[in-house]
Amino acid sequence: MNTPDDIDRRIIVATQGGLPLVAEPYQAVADELGLAVDEVMARMQAMLDGGLIRRIGAVPNHYALGYRANGMTVWDVPDDAIAELGEQVGALDFVSHCYHRPRHLPHWPYNLFAMVHGRDRDEVSGKTARIAKLMGVKDRGHQILYSHRILKKTGMRFTT
Amino acid sequence: MMALLDEIDRRIINALQGGFPICPAPFAAAAETIGIGQDDLLQRLQRMRAGGLLSRFGPMYHAEKLGGALTLAAMAVPEDRFETVAAQVNAHQEVAHNYAREHHLNMWFVLATEQGARIGEVLAEIEAETGLTVFNMPKREEFFIGLRFEA
């Protein structure tokens, strides 16, 4: 998939905040942009196939759904096991993000990050224990960093 | 808050976190899969979005594949300077999220830029403004996420 061209970028800007909740949403986007609906659908399908669109659907507000506790769990695992463990942890239904990130020794030994959501901290720590059990001896140390305040949340927006 | 969702709402959230079709009448197709009518689906989605239960309904774009760059960065901020430093960090429009977390590294923020080179520049600006070390933790690999919040 090539980088998006100008027409793709217009579609991105028009839809990054969401699709119109009407019976024919792609037609509505096409009308707004002065494009044919077939072109809008074909370009969005190509972006979906190429991974520029991760997925299309509902983005739940997990806080509003009752998932009030959010713990960033961080793990020190052997580098040669990280791909295998990352895939196993990412597949758990309570993990919303799972990344390999660099260590900063001696301050920060952790190289695998998994965001765990729960209705309260007990639920998050129970789920974290399940991850630890799955990792077994490859868990050389982990911590849960709970967020207690959102200082800013604006998200990313493309402008052009 | 949970009482605001009935069983059909939960079915919608659980079924539609991905896979929404690209076709002329996608809500009709999705409604049929869920086993409700199109108008019912649209009204419920409108209500859940207006009420904040859904942040959004539509495509989720992949920032890096669109040419943008992201990183996660952390700082150890002295408690007596926390509010000042939070304001200094948040003043950068490239800071998309910023969370206070319970750890020695107590401030964690995400930078999102349309050009990759800006990441290093903004981190250097924040270090210069605050006099604090910023630990840059860009992702090296992203693992596949099923992502199903059960409603």
# chains A, B, ... in the order shown; residues from 1 in each chain; ligands from 1

$ residues_around --residues "Leu21 in chain A" --least-positions-apart "5" --cutoff "10 Å" --atoms "only C-alpha atoms" --output "PDB file with N, CA and C atoms, in the first residue's frame"
ATOM      1  N   ALA A  28     -22.952   9.707   2.320  1.00  0.00           N
ATOM      2  CA  ALA A  28     -22.906  11.020   2.974  1.00  0.00           C
ATOM      3  C   ALA A  28     -21.487  11.598   2.934  1.00  0.00           C
TER       4      ALA A  28
ATOM      5  N   PHE B  27     -25.315  -0.272   7.643  1.00  0.00           N
ATOM      6  CA  PHE B  27     -26.048  -0.456   8.902  1.00  0.00           C
ATOM      7  C   PHE B  27     -27.146  -1.503   8.747  1.00  0.00           C
ATOM      8  N   LEU B  41     -30.879  -0.028  15.218  1.00  0.00           N
ATOM      9  CA  LEU B  41     -29.418   0.033  15.365  1.00  0.00           C
ATOM     10  C   LEU B  41     -28.925   1.480  15.304  1.00  0.00           C
ATOM     11  N   LEU B  42     -29.409   2.224  14.323  1.00  0.00           N
ATOM     12  CA  LEU B  42     -28.950   3.616  14.183  1.00  0.00           C
ATOM     13  C   LEU B  42     -29.328   4.450  15.405  1.00  0.00           C
ATOM     14  N   GLN B  43     -30.560   4.263  15.888  1.00  0.00           N
ATOM     15  CA  GLN B  43     -30.989   5.053  17.055  1.00  0.00           C
ATOM     16  C   GLN B  43     -30.169   4.706  18.290  1.00  0.00           C
ATOM     17  N   LEU B  45     -27.071   3.482  18.346  1.00  0.00           N
ATOM     18  CA  LEU B  45     -25.710   4.011  18.197  1.00  0.00           C
ATOM     19  C   LEU B  45     -25.693   5.520  18.434  1.00  0.00           C
ATOM     20  N   GLN B  46     -26.702   6.216  17.923  1.00  0.00           N
ATOM     21  CA  GLN B  46     -26.759   7.671  18.145  1.00  0.00           C
ATOM     22  C   GLN B  46     -26.865   7.989  19.633  1.00  0.00           C
ATOM     23  N   ARG B  49     -23.516   7.127  21.386  1.00  0.00           N
ATOM     24  CA  ARG B  49     -22.458   8.086  21.075  1.00  0.00           C
ATOM     25  C   ARG B  49     -22.729   9.423  21.771  1.00  0.00           C
ATOM     26  N   PHE B  57     -17.711   6.164  16.312  1.00  0.00           N
ATOM     27  CA  PHE B  57     -18.088   5.012  15.491  1.00  0.00           C
ATOM     28  C   PHE B  57     -17.552   5.259  14.096  1.00  0.00           C
ATOM     29  N   GLY B  58     -16.632   4.446  13.648  1.00  0.00           N
ATOM     30  CA  GLY B  58     -16.086   4.647  12.307  1.00  0.00           C
ATOM     31  C   GLY B  58     -14.725   4.010  12.174  1.00  0.00           C
TER      32      GLY B  58
END

$ select_by_dssp --residues "chain B" --states "alpha helix (DSSP H)" --output "PyMOL selection string"
chain B and resi 7-15+26-34+38-50+82-90+117-130

$ residues_around --residues "range 75-89 of chain A" --least-positions-apart "5" --cutoff "6 Å" --atoms "only C-alpha atoms" --output "VMD selection string"
(chain A and resid 109 to 112 138 to 142) or (chain B and resid 143)

$ residues_around --residues "range 118-131 of chain A" --least-positions-apart "4" --cutoff "7 Å" --atoms "only C-alpha atoms" --output "PDB file with N, CA and C atoms, in the first residue's frame"
ATOM      1  N   GLY A  66     -17.803   1.169  32.606  1.00  0.00           N
ATOM      2  CA  GLY A  66     -17.606   0.638  33.946  1.00  0.00           C
ATOM      3  C   GLY A  66     -16.207   0.118  34.215  1.00  0.00           C
ATOM      4  N   TYR A  67     -15.332   0.205  33.217  1.00  0.00           N
ATOM      5  CA  TYR A  67     -13.943  -0.213  33.417  1.00  0.00           C
ATOM      6  C   TYR A  67     -13.165   0.978  33.967  1.00  0.00           C
ATOM      7  N   ARG A  68     -13.267   1.172  35.271  1.00  0.00           N
ATOM      8  CA  ARG A  68     -12.771   2.401  35.883  1.00  0.00           C
ATOM      9  C   ARG A  68     -11.284   2.333  36.191  1.00  0.00           C
ATOM     10  N   ALA A  69     -10.745   1.136  36.320  1.00  0.00           N
ATOM     11  CA  ALA A  69      -9.334   0.998  36.695  1.00  0.00           C
ATOM     12  C   ALA A  69      -8.525   0.673  35.449  1.00  0.00           C
ATOM     13  N   ASN A  70      -7.437   1.386  35.287  1.00  0.00           N
ATOM     14  CA  ASN A  70      -6.577   1.156  34.133  1.00  0.00           C
ATOM     15  C   ASN A  70      -5.154   1.055  34.628  1.00  0.00           C
ATOM     16  N   GLY A  71      -4.575  -0.121  34.396  1.00  0.00           N
ATOM     17  CA  GLY A  71      -3.213  -0.358  34.861  1.00  0.00           C
ATOM     18  C   GLY A  71      -2.295  -0.604  33.686  1.00  0.00           C
ATOM     19  N   VAL A  89       0.065 -12.430  25.188  1.00  0.00           N
ATOM     20  CA  VAL A  89      -0.549 -11.432  26.065  1.00  0.00           C
ATOM     21  C   VAL A  89      -1.539 -10.573  25.280  1.00  0.00           C
ATOM     22  N   MET A 135       3.267 -16.288  31.759  1.00  0.00           N
ATOM     23  CA  MET A 135       4.685 -16.081  31.434  1.00  0.00           C
ATOM     24  C   MET A 135       5.602 -17.035  32.192  1.00  0.00           C
TER      25      MET A 135
END

$ closest_residue --among "B:Glu102, B:Asp9, B:Glu121, B:Glu64" --to "Leu145 in chain A" --atoms "only C-alpha atoms"
B:Glu102

$ interface_residues --of "chain A" --to "chain B" --cutoff "6 Å" --atoms "only C-alpha atoms" --output "VMD selection string"
chain A and resid 18 to 19 23 to 24 52 to 61 64 86 to 87 90 to 91 93 96 98 to 102 145 to 156
